[in-house]
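run.cif (mmCIF, C-alpha atoms)
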```cif
data_final
loop_
_atom_site.label_atom_id
_atom_site.label_comp_id
_atom_site.auth_asym_id
_atom_site.auth_seq_id
_atom_site.Cartn_x
_atom_site.Cartn_y
_atom_site.Cartn_z
CA MET J 1 -26.44 -56.88 -5.14
CA ALA J 2 -23.93 -59.70 -5.61
CA ASN J 3 -21.82 -57.49 -7.84
CA PRO J 4 -18.88 -56.20 -5.74
CA LYS J 5 -18.73 -53.04 -7.85
CA LEU J 6 -22.37 -52.40 -7.00
CA HIS J 7 -21.58 -52.98 -3.32
CA GLN J 8 -18.86 -50.37 -3.48
CA SER J 9 -21.16 -47.93 -5.21
CA VAL J 10 -23.92 -48.37 -2.67
CA LEU J 11 -21.36 -47.97 0.11
CA SER J 12 -20.15 -44.71 -1.37
CA VAL J 13 -23.73 -43.46 -1.50
CA LEU J 14 -24.22 -44.36 2.15
CA LEU J 15 -20.95 -42.72 3.19
CA CYS J 16 -21.90 -39.56 1.43
CA SER J 17 -25.30 -39.69 3.07
CA ALA J 18 -23.52 -39.43 6.41
CA LEU J 19 -22.41 -36.00 5.27
CA VAL J 20 -26.05 -35.00 5.39
CA PHE J 21 -25.82 -34.76 9.15
CA ILE J 22 -22.67 -32.66 8.98
CA VAL J 23 -24.44 -30.31 6.61
CA ALA J 24 -27.43 -30.28 8.95
CA CYS J 25 -25.22 -29.08 11.80
CA THR J 26 -24.33 -25.94 9.86
CA ALA J 27 -27.94 -24.73 9.85
CA GLU J 28 -27.53 -22.96 13.19
CA ARG J 29 -26.77 -19.26 13.29
CA ASN J 30 -23.09 -18.59 12.88
CA PRO J 31 -21.43 -16.61 15.68
CA CYS J 32 -20.90 -12.91 15.04
CA LEU J 33 -17.13 -12.54 14.81
CA GLU J 34 -16.86 -8.89 13.90
CA PRO J 35 -17.20 -5.81 16.11
CA LYS J 36 -20.54 -3.99 15.86
CA LEU J 37 -19.92 -1.03 18.17
CA PRO J 38 -18.37 1.92 16.31
CA PHE J 39 -15.85 4.03 18.21
CA LEU J 40 -14.96 7.65 17.75
CA TYR J 41 -11.19 7.86 18.22
CA ALA J 42 -10.01 11.15 19.73
CA SER J 43 -6.36 12.10 20.17
CA CYS J 44 -4.93 14.92 22.28
CA TYR J 45 -2.26 17.36 21.07
CA GLN J 46 -0.42 20.27 22.63
CA TYR J 47 1.33 23.17 20.93
CA LYS J 48 5.04 23.30 21.61
CA SER J 49 6.29 26.84 21.16
CA ASP J 50 9.93 25.83 20.92
CA THR J 51 9.39 23.57 17.92
CA LYS J 52 6.21 25.34 16.78
CA THR J 53 4.46 22.00 16.26
CA TYR J 54 1.59 20.11 17.83
CA THR J 55 2.77 16.97 19.58
CA ASP J 56 0.93 13.97 20.88
CA THR J 57 0.12 14.73 24.53
CA ALA J 58 -0.81 12.30 27.28
CA LEU J 59 -3.27 13.74 29.79
CA PRO J 60 -2.00 13.42 33.37
CA ASN J 61 -5.12 12.25 35.17
CA ALA J 62 -8.09 12.57 32.86
CA ASN J 63 -11.81 12.25 33.27
CA PHE J 64 -13.68 11.80 29.98
CA VAL J 65 -17.34 11.23 30.70
CA SER J 66 -20.42 10.97 28.48
CA MET J 67 -23.33 13.25 29.35
CA ASP J 68 -25.94 11.67 27.04
CA ILE J 69 -25.37 7.91 27.22
CA ASP J 70 -26.97 6.14 30.14
CA SER J 71 -24.05 3.85 30.73
CA ALA J 72 -20.68 4.34 32.38
CA LYS J 73 -19.14 1.38 30.56
CA ARG J 74 -17.11 3.56 28.22
CA TRP J 75 -16.21 6.34 30.62
CA TYR J 76 -12.61 7.22 31.41
CA TRP J 77 -12.27 8.03 35.07
CA GLY J 78 -8.93 9.13 36.46
CA VAL J 79 -6.86 7.50 33.73
CA ASN J 80 -3.14 8.27 33.77
CA THR J 81 -0.95 9.28 30.85
CA LEU J 82 -3.42 8.49 28.09
CA SER J 83 -3.47 10.52 24.88
CA LYS J 84 -5.94 8.54 22.75
CA PHE J 85 -9.53 7.89 23.73
CA SER J 86 -12.18 5.69 22.11
CA LEU J 87 -15.59 7.28 22.62
CA VAL J 88 -19.09 6.10 21.74
CA LEU J 89 -21.98 8.00 20.19
CA SER J 90 -25.64 7.47 20.94
CA PRO J 91 -27.74 5.87 18.18
CA LEU J 92 -30.80 7.50 19.76
CA LEU J 93 -29.58 11.08 19.29
CA ASP J 94 -27.99 13.29 16.65
CA THR J 95 -25.67 14.89 19.21
CA THR J 96 -23.66 13.28 21.96
CA ARG J 97 -21.85 15.37 24.55
CA TRP J 98 -18.74 14.32 26.43
CA SER J 99 -17.10 16.30 29.24
CA LEU J 100 -13.32 16.31 29.41
CA GLN J 101 -11.14 17.19 32.37
CA ALA J 102 -7.46 16.84 31.54
CA ASP J 103 -6.37 16.58 35.17
CA SER J 104 -9.02 15.70 37.71
CA ALA J 105 -6.97 17.40 40.48
CA TYR J 106 -7.28 20.96 39.19
CA SER J 107 -8.22 21.34 35.49
CA PRO J 108 -11.43 23.10 34.47
CA ILE J 109 -13.98 20.91 32.67
CA ASP J 110 -14.76 21.30 28.97
CA THR J 111 -17.75 19.97 27.10
CA ILE J 112 -17.33 18.55 23.59
CA SER J 113 -20.48 18.12 21.49
CA PHE J 114 -20.31 15.69 18.59
CA ILE J 115 -23.00 16.39 15.98
CA TYR J 116 -23.51 13.59 13.46
CA THR J 117 -25.82 11.71 11.13
CA ARG J 118 -26.77 8.13 11.88
CA ASN J 119 -26.59 5.43 9.19
CA LEU J 120 -28.07 1.96 9.52
CA LYS J 121 -25.57 -0.72 8.50
CA PHE J 122 -26.15 -4.42 7.83
CA TYR J 123 -23.17 -6.53 8.83
CA THR J 124 -24.08 -10.16 8.18
CA ASN J 125 -26.95 -12.47 9.00
CA ALA J 126 -24.84 -13.63 11.92
CA CYS J 127 -24.38 -10.09 13.28
CA GLY J 128 -27.54 -8.33 12.14
CA TYR J 129 -27.79 -4.55 11.96
CA GLY J 130 -26.00 -1.73 13.72
CA TYR J 131 -25.43 2.00 13.38
CA VAL J 132 -22.41 3.88 12.07
CA TYR J 133 -22.05 7.66 12.11
CA SER J 134 -20.82 10.51 10.02
CA LEU J 135 -19.57 13.55 11.92
CA VAL J 136 -21.04 16.87 10.81
CA GLN J 137 -19.60 19.26 13.37
CA VAL J 138 -17.80 19.29 16.72
CA LEU J 139 -18.46 22.10 19.18
CA THR J 140 -16.52 22.70 22.37
CA THR J 141 -16.12 25.02 25.31
CA GLN J 142 -12.66 26.49 25.75
CA HIS J 143 -12.06 26.56 29.49
CA ASN J 144 -8.96 24.44 29.21
CA LEU J 145 -8.67 23.13 25.69
CA ASP J 146 -7.95 25.24 22.64
CA SER J 147 -9.96 23.66 19.84
CA VAL J 148 -11.23 20.43 18.33
CA LYS J 149 -10.97 19.44 14.66
CA ILE J 150 -12.43 16.60 12.67
CA ALA J 151 -9.72 14.42 11.12
CA ASN J 152 -11.98 11.71 9.70
CA LYS J 153 -15.73 12.15 9.79
CA GLU J 154 -16.68 8.48 9.33
CA VAL J 155 -17.16 6.75 12.67
CA THR J 156 -17.22 3.03 11.95
CA THR J 157 -16.03 -0.22 13.46
CA LYS J 158 -12.63 0.13 11.79
CA ALA J 159 -9.99 0.42 14.47
CA GLY J 160 -7.15 2.89 14.63
CA ILE J 161 -8.67 5.67 12.55
CA GLU J 162 -8.27 9.07 14.18
CA ASN J 163 -11.60 10.87 13.95
CA VAL J 164 -11.01 13.92 16.08
CA LYS J 165 -7.96 15.94 17.17
CA ILE J 166 -8.24 17.76 20.51
CA TYR J 167 -5.80 20.65 20.91
CA PHE J 168 -4.67 22.09 24.23
CA MET V 1 -13.14 -15.56 -7.58
CA SER V 2 -12.30 -15.84 -11.30
CA LYS V 3 -8.87 -17.26 -10.38
CA PHE V 4 -10.53 -19.87 -8.22
CA ILE V 5 -12.93 -20.83 -11.01
CA PHE V 6 -9.99 -21.09 -13.39
CA LYS V 7 -8.13 -23.38 -11.00
CA ILE V 8 -11.19 -25.59 -10.63
CA LEU V 9 -11.57 -25.77 -14.40
CA LEU V 10 -7.88 -26.61 -14.72
CA PHE V 11 -8.22 -29.27 -12.07
CA SER V 12 -11.23 -30.71 -13.86
CA LEU V 13 -9.42 -30.87 -17.21
CA PRO V 14 -7.83 -34.31 -16.69
CA PHE V 15 -11.26 -35.79 -16.15
CA PHE V 16 -12.51 -34.40 -19.42
CA VAL V 17 -9.32 -35.51 -21.19
CA SER V 18 -9.70 -38.95 -19.71
CA ALA V 19 -13.25 -39.04 -20.96
CA GLN V 20 -12.14 -37.85 -24.39
CA GLU V 21 -9.59 -40.67 -24.65
CA THR V 22 -12.45 -43.13 -24.61
CA LYS V 23 -14.35 -41.16 -27.21
CA GLN V 24 -13.67 -43.43 -30.16
CA ASP V 25 -14.69 -46.63 -28.42
CA THR V 26 -17.69 -44.99 -26.83
CA LEU V 27 -18.80 -43.28 -29.99
CA ALA V 28 -18.74 -46.50 -31.92
CA HIS V 29 -20.60 -48.14 -29.10
CA SER V 30 -23.26 -45.42 -29.03
CA GLN V 31 -23.77 -45.49 -32.74
CA ALA V 32 -24.25 -49.22 -32.57
CA ASN V 33 -26.74 -48.82 -29.72
CA PRO V 34 -28.93 -45.84 -30.50
CA THR V 35 -30.88 -46.00 -27.23
CA HIS V 36 -32.38 -42.89 -25.74
CA GLN V 37 -32.75 -42.40 -22.05
CA LEU V 38 -34.79 -39.82 -20.19
CA ARG V 39 -34.30 -39.93 -16.42
CA PHE V 40 -36.33 -38.25 -13.69
CA SER V 41 -34.71 -37.89 -10.27
CA ILE V 42 -35.51 -36.33 -6.94
CA ASP V 43 -33.07 -35.25 -4.26
CA ALA V 44 -33.78 -37.48 -1.27
CA ASN V 45 -31.10 -35.67 0.72
CA LYS V 46 -33.07 -32.43 0.70
CA ILE V 47 -36.26 -34.20 1.76
CA LEU V 48 -34.38 -35.74 4.69
CA LEU V 49 -32.87 -32.38 5.63
CA ASN V 50 -36.34 -30.83 5.61
CA THR V 51 -37.25 -33.11 8.51
CA ILE V 52 -34.06 -32.24 10.43
CA ILE V 53 -33.76 -28.50 9.89
CA ASP V 54 -36.74 -26.55 11.13
CA ASN V 55 -36.04 -23.13 9.63
CA ARG V 56 -35.94 -24.02 5.97
CA THR V 57 -37.38 -26.37 3.38
CA SER V 58 -35.92 -27.28 0.04
CA TYR V 59 -37.02 -29.53 -2.79
CA GLU V 60 -34.89 -30.38 -5.79
CA ALA V 61 -35.47 -32.56 -8.83
CA SER V 62 -33.57 -33.30 -12.00
CA VAL V 63 -34.35 -34.41 -15.54
CA ASP V 64 -31.54 -35.62 -17.75
CA TYR V 65 -31.49 -36.87 -21.28
CA TYR V 66 -28.82 -39.07 -22.81
CA TRP V 67 -27.64 -37.24 -25.86
CA HIS V 68 -25.22 -38.84 -28.24
CA LYS V 69 -21.42 -39.07 -27.79
CA GLU V 70 -21.75 -39.96 -24.10
CA ILE V 71 -23.13 -36.61 -23.12
CA TYR V 72 -26.09 -36.05 -20.83
CA LEU V 73 -28.06 -32.83 -21.13
CA LEU V 74 -29.94 -31.96 -18.02
CA SER V 75 -32.09 -29.55 -16.14
CA ASP V 76 -32.35 -29.30 -12.36
CA PHE V 77 -35.11 -27.35 -10.73
CA GLY V 78 -36.45 -26.77 -7.26
CA TRP V 79 -38.10 -24.52 -4.77
CA GLY V 80 -37.98 -23.79 -1.08
CA ASN V 81 -38.18 -21.25 1.69
CA SER V 82 -36.38 -20.25 4.83
CA SER V 83 -37.07 -18.18 7.90
CA ILE V 84 -34.69 -16.21 10.05
CA ASP V 85 -36.02 -15.83 13.56
CA TYR V 86 -33.28 -14.35 15.71
CA SER V 87 -33.85 -11.97 18.58
CA ASP V 88 -32.44 -9.06 16.54
CA LEU V 89 -33.37 -10.09 12.99
CA LYS V 90 -36.49 -11.70 11.57
CA TYR V 91 -37.48 -12.31 7.95
CA LYS V 92 -38.64 -15.00 5.54
CA THR V 93 -37.51 -15.84 2.04
CA ASN V 94 -38.72 -18.13 -0.70
CA ASN V 95 -37.30 -18.93 -4.10
CA THR V 96 -37.39 -21.13 -7.14
CA PHE V 97 -34.45 -22.02 -9.33
CA LEU V 98 -33.55 -23.64 -12.62
CA ARG V 99 -30.20 -25.14 -13.61
CA LEU V 100 -29.15 -26.10 -17.11
CA GLY V 101 -26.01 -28.01 -17.98
CA MET V 102 -24.42 -31.22 -19.03
CA ASP V 103 -22.63 -34.24 -17.55
CA LYS V 104 -19.83 -36.21 -19.12
CA PRO V 105 -19.12 -39.79 -17.98
CA LEU V 106 -15.57 -40.53 -16.89
CA PHE V 107 -15.43 -44.17 -17.97
CA VAL V 108 -16.29 -46.26 -21.01
CA ARG V 109 -19.44 -48.27 -20.94
CA LYS V 110 -18.56 -51.95 -21.33
CA GLN V 111 -22.06 -52.98 -22.26
CA ALA V 112 -24.96 -51.21 -23.91
CA GLN V 113 -27.14 -51.92 -20.88
CA ASP V 114 -24.63 -50.40 -18.48
CA TRP V 115 -26.07 -47.02 -17.57
CA GLY V 116 -24.21 -46.59 -14.32
CA MET V 117 -21.51 -43.96 -14.42
CA GLY V 118 -19.14 -41.60 -12.68
CA PHE V 119 -19.21 -38.16 -14.20
CA VAL V 120 -18.25 -34.52 -14.10
CA GLY V 121 -20.32 -31.66 -15.35
CA PHE V 122 -21.18 -28.03 -15.16
CA ARG V 123 -24.35 -25.99 -14.67
CA TYR V 124 -25.61 -22.48 -15.12
CA ALA V 125 -28.35 -21.63 -12.65
CA LEU V 126 -30.93 -18.93 -12.27
CA GLY V 127 -32.81 -18.32 -9.03
CA PHE V 128 -35.77 -16.05 -8.31
CA VAL V 129 -35.68 -14.96 -4.69
CA HIS V 130 -38.30 -13.10 -2.68
CA ARG V 131 -37.53 -11.71 0.75
CA ASP V 132 -40.35 -10.54 3.00
CA ALA V 133 -40.01 -7.36 5.02
CA ALA V 134 -37.34 -7.80 7.69
CA GLN V 135 -37.68 -6.74 11.32
CA TYR V 136 -34.44 -5.70 12.98
CA THR V 137 -33.30 -4.51 16.37
CA THR V 138 -29.96 -2.90 17.05
CA ASN V 139 -28.44 -2.92 20.52
CA ASP V 140 -25.14 -1.20 21.22
CA GLY V 141 -25.01 -2.56 24.74
CA LEU V 142 -25.12 0.98 26.17
CA GLY V 143 -28.86 1.49 26.27
CA GLY V 144 -29.21 2.37 22.60
CA ILE V 145 -31.86 -0.08 21.40
CA ILE V 146 -33.62 0.71 18.11
CA SER V 147 -36.06 -1.40 16.08
CA GLY V 148 -37.16 -0.96 12.49
CA THR V 149 -38.28 -2.60 9.27
CA ILE V 150 -36.48 -3.20 5.99
CA PRO V 151 -38.93 -3.34 3.04
CA ALA V 152 -39.55 -6.59 1.14
CA ALA V 153 -37.50 -7.15 -2.00
CA ASP V 154 -37.14 -9.46 -5.00
CA PHE V 155 -33.81 -10.58 -6.42
CA THR V 156 -32.54 -12.63 -9.32
CA ALA V 157 -29.52 -14.77 -8.54
CA HIS V 158 -27.15 -16.20 -11.16
CA TRP V 159 -24.59 -18.80 -10.33
CA MET V 160 -22.34 -21.37 -11.98
CA GLU V 161 -21.64 -24.85 -10.72
CA LEU V 162 -19.01 -27.50 -11.22
CA THR V 163 -20.20 -30.92 -10.20
CA GLY V 164 -19.20 -34.54 -10.09
CA GLY V 165 -20.83 -37.70 -8.89
CA MET V 166 -22.05 -41.11 -9.80
CA ARG V 167 -25.19 -43.02 -10.71
CA ILE V 168 -25.84 -46.70 -10.31
CA GLU V 169 -28.77 -48.67 -11.64
CA LEU V 170 -30.01 -50.56 -8.60
CA VAL V 171 -32.66 -52.49 -10.52
CA LYS V 172 -33.83 -52.09 -14.08
CA ASN V 173 -34.57 -48.42 -14.77
CA VAL V 174 -34.24 -47.40 -11.10
CA PHE V 175 -31.20 -45.32 -10.19
CA ALA V 176 -29.47 -43.99 -7.11
CA GLY V 177 -26.50 -41.68 -6.91
CA TRP V 178 -24.95 -38.54 -5.59
CA ASN V 179 -23.55 -35.24 -6.72
CA VAL V 180 -21.09 -32.92 -5.05
CA ARG V 181 -21.18 -29.34 -6.22
CA VAL V 182 -19.12 -26.22 -5.89
CA LYS V 183 -21.08 -23.09 -6.74
CA PHE V 184 -19.99 -19.57 -7.61
CA LEU V 185 -22.45 -16.73 -7.23
CA LEU V 186 -22.09 -14.46 -10.25
CA ASN V 187 -24.02 -11.40 -9.01
CA PRO V 188 -23.56 -11.15 -5.23
CA THR V 189 -24.03 -7.38 -5.17
CA SER V 190 -27.56 -7.62 -6.51
CA PHE V 191 -28.88 -8.67 -3.08
CA GLY V 192 -28.17 -5.27 -1.57
CA GLU V 193 -27.27 -5.08 2.09
CA LEU V 194 -29.57 -7.67 3.60
CA LYS V 195 -28.53 -10.81 1.76
CA PRO V 196 -30.95 -13.74 2.02
CA ALA V 197 -29.61 -16.20 4.56
CA TYR V 198 -30.53 -19.20 2.41
CA ILE V 199 -31.21 -19.62 -1.30
CA THR V 200 -32.63 -22.99 -2.29
CA GLY V 201 -30.38 -24.51 -4.94
CA PHE V 202 -27.41 -22.36 -3.96
CA GLY V 203 -26.96 -22.17 -0.21
CA SER V 204 -26.01 -19.25 2.00
CA GLY V 205 -26.61 -15.90 0.32
CA ASP V 206 -23.98 -14.39 2.61
CA LYS V 207 -21.22 -16.21 0.73
CA ASN V 208 -20.12 -16.05 -2.89
CA THR V 209 -18.99 -19.68 -2.96
CA ALA V 210 -21.04 -22.60 -1.72
CA PHE V 211 -20.67 -26.35 -1.53
CA ASP V 212 -23.57 -28.73 -1.75
CA TYR V 213 -24.36 -32.36 -1.89
CA ASN V 214 -27.30 -34.24 -3.38
CA VAL V 215 -28.48 -37.84 -3.08
CA TYR V 216 -30.69 -38.72 -6.01
CA ILE V 217 -33.09 -41.52 -6.64
CA GLY V 218 -34.53 -41.70 -10.12
CA TYR V 219 -36.40 -43.60 -12.77
CA ALA V 220 -35.34 -43.83 -16.40
CA LEU V 221 -37.39 -44.22 -19.56
CA ARG V 222 -35.59 -45.76 -22.54
CA TRP V 223 -36.43 -46.18 -26.15
CA SER V 224 -34.60 -46.92 -29.37
CA SER V 225 -34.43 -44.76 -32.44
CA LYS V 226 -36.32 -46.08 -35.42
CA LYS V 227 -34.16 -46.47 -38.53
#
```
Structure rendered as structure tokens:
Amino acid sequence: MANPKLHQSVLSVLLCSALVFIVACTAERNPCLEPKLPFLYASCYQYKSDTKTYTDTALPNANFVSMDIDSAKRWYWGVNTLSKFSLVLSPLLDTTRWSLQADSAYSPIDTISFIYTRNLKFYTNACGYGYVYSLVQVLTTQHNLDSVKIANKEVTTKAGIENVKIYF
Amino acid sequence: MSKFIFKILLFSLPFFVSAQETKQDTLAHSQANPTHQLRFSIDANKILLNTIIDNRTSYEASVDYYWHKEIYLLSDFGWGNSSIDYSDLKYKTNNTFLRLGMDKPLFVRKQAQDWGMGFVGFRYALGFVHRDAAQYTTNDGLGGIISGTIPAADFTAHWMELTGGMRIELVKNVFAGWNVRVKFLLNPTSFGELKPAYITGFGSGDKNTAFDYNVYIGYALRWSSKK
């Protein structure tokens, strides 16, 4: 071990061995950094007879409430001037119903039924599994609103994709 | 990924060129000293990690043979297992692997007995991975909790490695040294959706590129060619 070159070599081995502990620290589960809850994005439109086009329409004082999900976390209750809503679907059911009241002061209430297929999706080992959905059909009452159309049937965790158009 | 591999190869080129510049001296030296060396090594780093990390074990060993023209042919092999035991995901994997490749020393040997070296090299590796059935639970945070099972599966993993490191002969025939490795998974889609969290010899199955580090201790057998 008197050889200085050998000393340097042994030192480099020891220094690299210290990296072992850094590597060991990475054995824990990584945090899940991506969203796992898919949203159905619904936008509201109104027919303008003067221009004969459908324009983006903010609802004055809307209630948009789920009838099949046992949680009020994603409800909209008395929201002002909102035209785009992010809704959730139940992974336990093939149909999720939402009731929509455009103006809570006087509007009649409509029920929108989203019928879909559920697809199991693996994200990463850090995030595990979740469900995404594919819309099959949307049914609605017509007390206040005119119709509902599917714009994009895939309900995933991608943001900003309009899935459903609601016409008044 | 191919661009990244190309850049790494380009970056590695000077080392190979540097080694080639010494070819004449080294070749003459080797021809004058026709000694064969067969070295057996184990990865002490992995054994140490096995005592620190409780959800996986990994064992790696290496056999290299000094060919002529300052080239070492080698084979690495190993086996191991891992377990994922999260609240929403549980499964176990095990695998074996085999690497084949070569190392090229970076510097000229000054003496015939000098078997220490710094080197660069490459490997092709093949891993046979088994994943047990996986138990999962999804929870959307809104009362939608669902559990299920993903069937067991077997995979074959191919990857390529670029490596560098050094070996020193501590006492006669006994070596110590280290390797650093960058690895490129060649068939990441073959794992399907549920990628194995850990593949012994490669690393995280979630990623297409992995870095690794080995600390080897080894013993060498030497003999001379009969003329």
**Message:** For the provided coordinates, the residues matched by the PyMOL selection byres ((chain V and resi 163) around 7) should be stated as a PyMOL selection string.
**Reply:** chain V and resi 120-122+161-162+164-165+179-182
**Item:** Pick from V:Arg222, V:Lys207, V:Lys69, V:Arg39, whichever lies nearest to chain J using all atoms listed in the file
**Value:**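 Comparing V:Arg222, V:Lys207, V:Lys69, V:Arg39 against chain J, the winner is V:Lys207.
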Using all atoms listed in the file, I'd like a table of the residues in chain J that come within 6 Å of chain V; for each, show the closest atom pair and its distance in Å rounded to one decimal, ordered by chain and ascending number, as a Markdown table.
```
| residue | atom | partner | partner_atom | distance |
| --- | --- | --- | --- | --- |
| J:Ser71 | CA | V:Leu142 | CA | 5.5 |
| J:Pro91 | CA | V:Gly144 | CA | 5.8 |
| J:Phe122 | CA | V:Glu193 | CA | 5.9 |
| J:Tyr129 | CA | V:Thr138 | CA | 5.8 |
| J:Gly130 | CA | V:Thr138 | CA | 5.3 |
```
**Message:** On this structure, the PyMOL selection byres ((chain J and resi 108) around 6) would catch which residues? List them as a VMD selection string, sorted by chain and number.
**Reply:** chain J and resid 107 109 144
**Message:** Assuming the chain letters and numbering stay as they are in my file, what does the PyMOL selection byres ((chain J and resi 140) around 7) actually select? List them as a ChimeraX atom specification.
**Reply:** /J:110-113,138-139,141-142
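The gap separating atom CA of Ser225 of chain V from atom CA of Lys110 of chain V is 20.7 Å, in Å to one decimal.
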